[in-house]
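The structure appears below as C-alpha cells.
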Amino acid sequence: MRKVKIVRRIYRRLDGAAEQEKTVLGGVRHDRGNKIYLQFKEIISEDMEPVPTLLTVVGDEVVLHRKGDVGGDMRFVAGESHSLMYRTPMGALPMEIQTSKVDVFVSRGILKIELKYNLLSAGDLLSEIDMSIRAE
C-alpha cells in the first residue's frame, strides 16, 4: 500500500456540446495478486461532500465503486454493456454503460487507465465519455 497522486481527465460530449474536466486527487494504491486497487475521495460536485471511491483493475476490466449519497458500481469491459442503479441525492436512476474502450497500462509503478463509454438512462443517451486516470 502506498500513497499516490491521481490525475483524472474527463471529456464529455452530448448533442454537439462538449466539456472537459481535470481533477488531481490524493489516494492510496494497493496491489494484490493480479488486482490493483485505488482508493480516493472523489469530488462529484462542489456543493457535495467528497465521495469515497474504490477503483479496481483486474486485467482489462475496471470497476468504479462509489459509496455515499452518489454512486454505484460502474463496470467497464470493452465491447460490453452493464446496467446499474446509480444513486443521486434525488433517488436512484437506472443507468447503462456501453463501453467501447478499456486500456490499462502498468509500468514502473505508474498506472494509467483509458476508458471510452456511453452513459444511457431508459435507452436515452446521456453522454459520451472519454476518461483517463493516471496514478503515480
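Note on naming: chains are A, B, ... as they come in the C-alpha cells, residues start from 1 per chain, ligands start from 1 in the order shown.
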
Exercise for the section: Determine, counting only C-alpha atoms, which protein, DNA and RNA residues have an atom within 8 Å of an atom of Thr56 (chain A); residues of the same chain fewer than 5 positions away are not included. Present the result as a PyMOL selection string. Expected result: chain A and resi 35-38+62-64

Mind dumping the selected residues with C-alpha atoms as an mmCIF file, in the first residue's frame?
```
data_model
loop_
_atom_site.group_PDB
_atom_site.id
_atom_site.type_symbol
_atom_site.label_atom_id
_atom_site.label_comp_id
_atom_site.auth_asym_id
_atom_site.auth_seq_id
_atom_site.Cartn_x
_atom_site.Cartn_y
_atom_site.Cartn_z
ATOM 1 C CA LYS A 35 -5.626 -6.887 -8.865
ATOM 2 C CA ILE A 36 -4.840 -3.202 -8.467
ATOM 3 C CA TYR A 37 -6.925 -1.024 -6.147
ATOM 4 C CA LEU A 38 -7.047 2.767 -5.942
ATOM 5 C CA VAL A 62 -12.231 -1.744 -14.444
ATOM 6 C CA VAL A 63 -14.841 -1.306 -11.696
ATOM 7 C CA LEU A 64 -15.530 2.081 -10.131
#
```

Exercise for the section: Compile the contact shell of region 96-107 of chain A as a ChimeraX atom specification: residues with an atom at most 6 Å away, counting only C-alpha atoms, same-chain residues fewer than 3 positions apart removed. Expected result: /A:76,78-83,110-120

Exercise for the section: Report the residues of chain A whose backbone DSSP state falls under strand (DSSP E), written as a PyMOL selection string. Expected result: chain A and resi 2-14+17-32+35-42+51-58+61-66+73-77+81-88+91-107+110-121+124-135

Practice task
Pick out the closest residue to Ile6 (chain A) from this set: A:Lys41, A:Arg108, A:Arg32, A:Lys67. Count only C-alpha atoms.
Solution key: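 Smallest distance to Ile6 (chain A) is found for A:Lys41.
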
Completion exercise
Closest of A:Arg66, A:Arg29, A:Arg134, A:Arg87 to Met1 (chain A), counting only C-alpha atoms, is A:Arg29

Exercise for the section: Rank nothing, just name the residue among A:Asp73, A:Asp124, A:Gly16, A:Lys5 nearest to Phe40 (chain A), using only C-alpha atoms. Expected result: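 Using only C-alpha atoms, Phe40 (chain A) sits closest to A:Lys5.
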
Exercise for the section: Give me the residues within 8 Å of Arg12 (chain A) as a list in words, counting only C-alpha atoms and dropping any in the same chain fewer than 3 places off. Expected result: Ala18, Glu19, Gln20, Ser127, Glu128, Ile129 and Asp130 of chain A

Expected file: the selected residues, N, CA and C atoms, as a PDB file, in the first residue's frame:
```
ATOM      1  N   ALA A  18     -19.614  19.994 -25.701  1.00  0.00           N
ATOM      2  CA  ALA A  18     -18.550  19.223 -25.051  1.00  0.00           C
ATOM      3  C   ALA A  18     -18.042  19.981 -23.837  1.00  0.00           C
ATOM      4  N   GLU A  19     -17.574  19.227 -22.864  1.00  0.00           N
ATOM      5  CA  GLU A  19     -16.934  19.830 -21.695  1.00  0.00           C
ATOM      6  C   GLU A  19     -15.780  18.953 -21.267  1.00  0.00           C
ATOM      7  N   GLN A  20     -14.772  19.589 -20.701  1.00  0.00           N
ATOM      8  CA  GLN A  20     -13.597  18.884 -20.208  1.00  0.00           C
ATOM      9  C   GLN A  20     -13.416  19.183 -18.731  1.00  0.00           C
ATOM     10  N   SER A 127     -24.605  10.901 -22.229  1.00  0.00           N
ATOM     11  CA  SER A 127     -23.341  11.491 -22.666  1.00  0.00           C
ATOM     12  C   SER A 127     -22.404  10.415 -23.193  1.00  0.00           C
ATOM     13  N   GLU A 128     -21.461  10.882 -24.032  1.00  0.00           N
ATOM     14  CA  GLU A 128     -20.346  10.063 -24.500  1.00  0.00           C
ATOM     15  C   GLU A 128     -19.139  10.542 -23.702  1.00  0.00           C
ATOM     16  N   ILE A 129     -18.410   9.604 -23.113  1.00  0.00           N
ATOM     17  CA  ILE A 129     -17.348   9.984 -22.179  1.00  0.00           C
ATOM     18  C   ILE A 129     -16.032   9.312 -22.538  1.00  0.00           C
ATOM     19  N   ASP A 130     -14.970  10.121 -22.552  1.00  0.00           N
ATOM     20  CA  ASP A 130     -13.592   9.629 -22.605  1.00  0.00           C
ATOM     21  C   ASP A 130     -12.976   9.996 -21.263  1.00  0.00           C
TER      22      ASP A 130
END
```

Fill in the blank from the handout: A straight line from CA of Lys22 (chain A) to CA of Pro94 (chain A) spans 26.6 Å
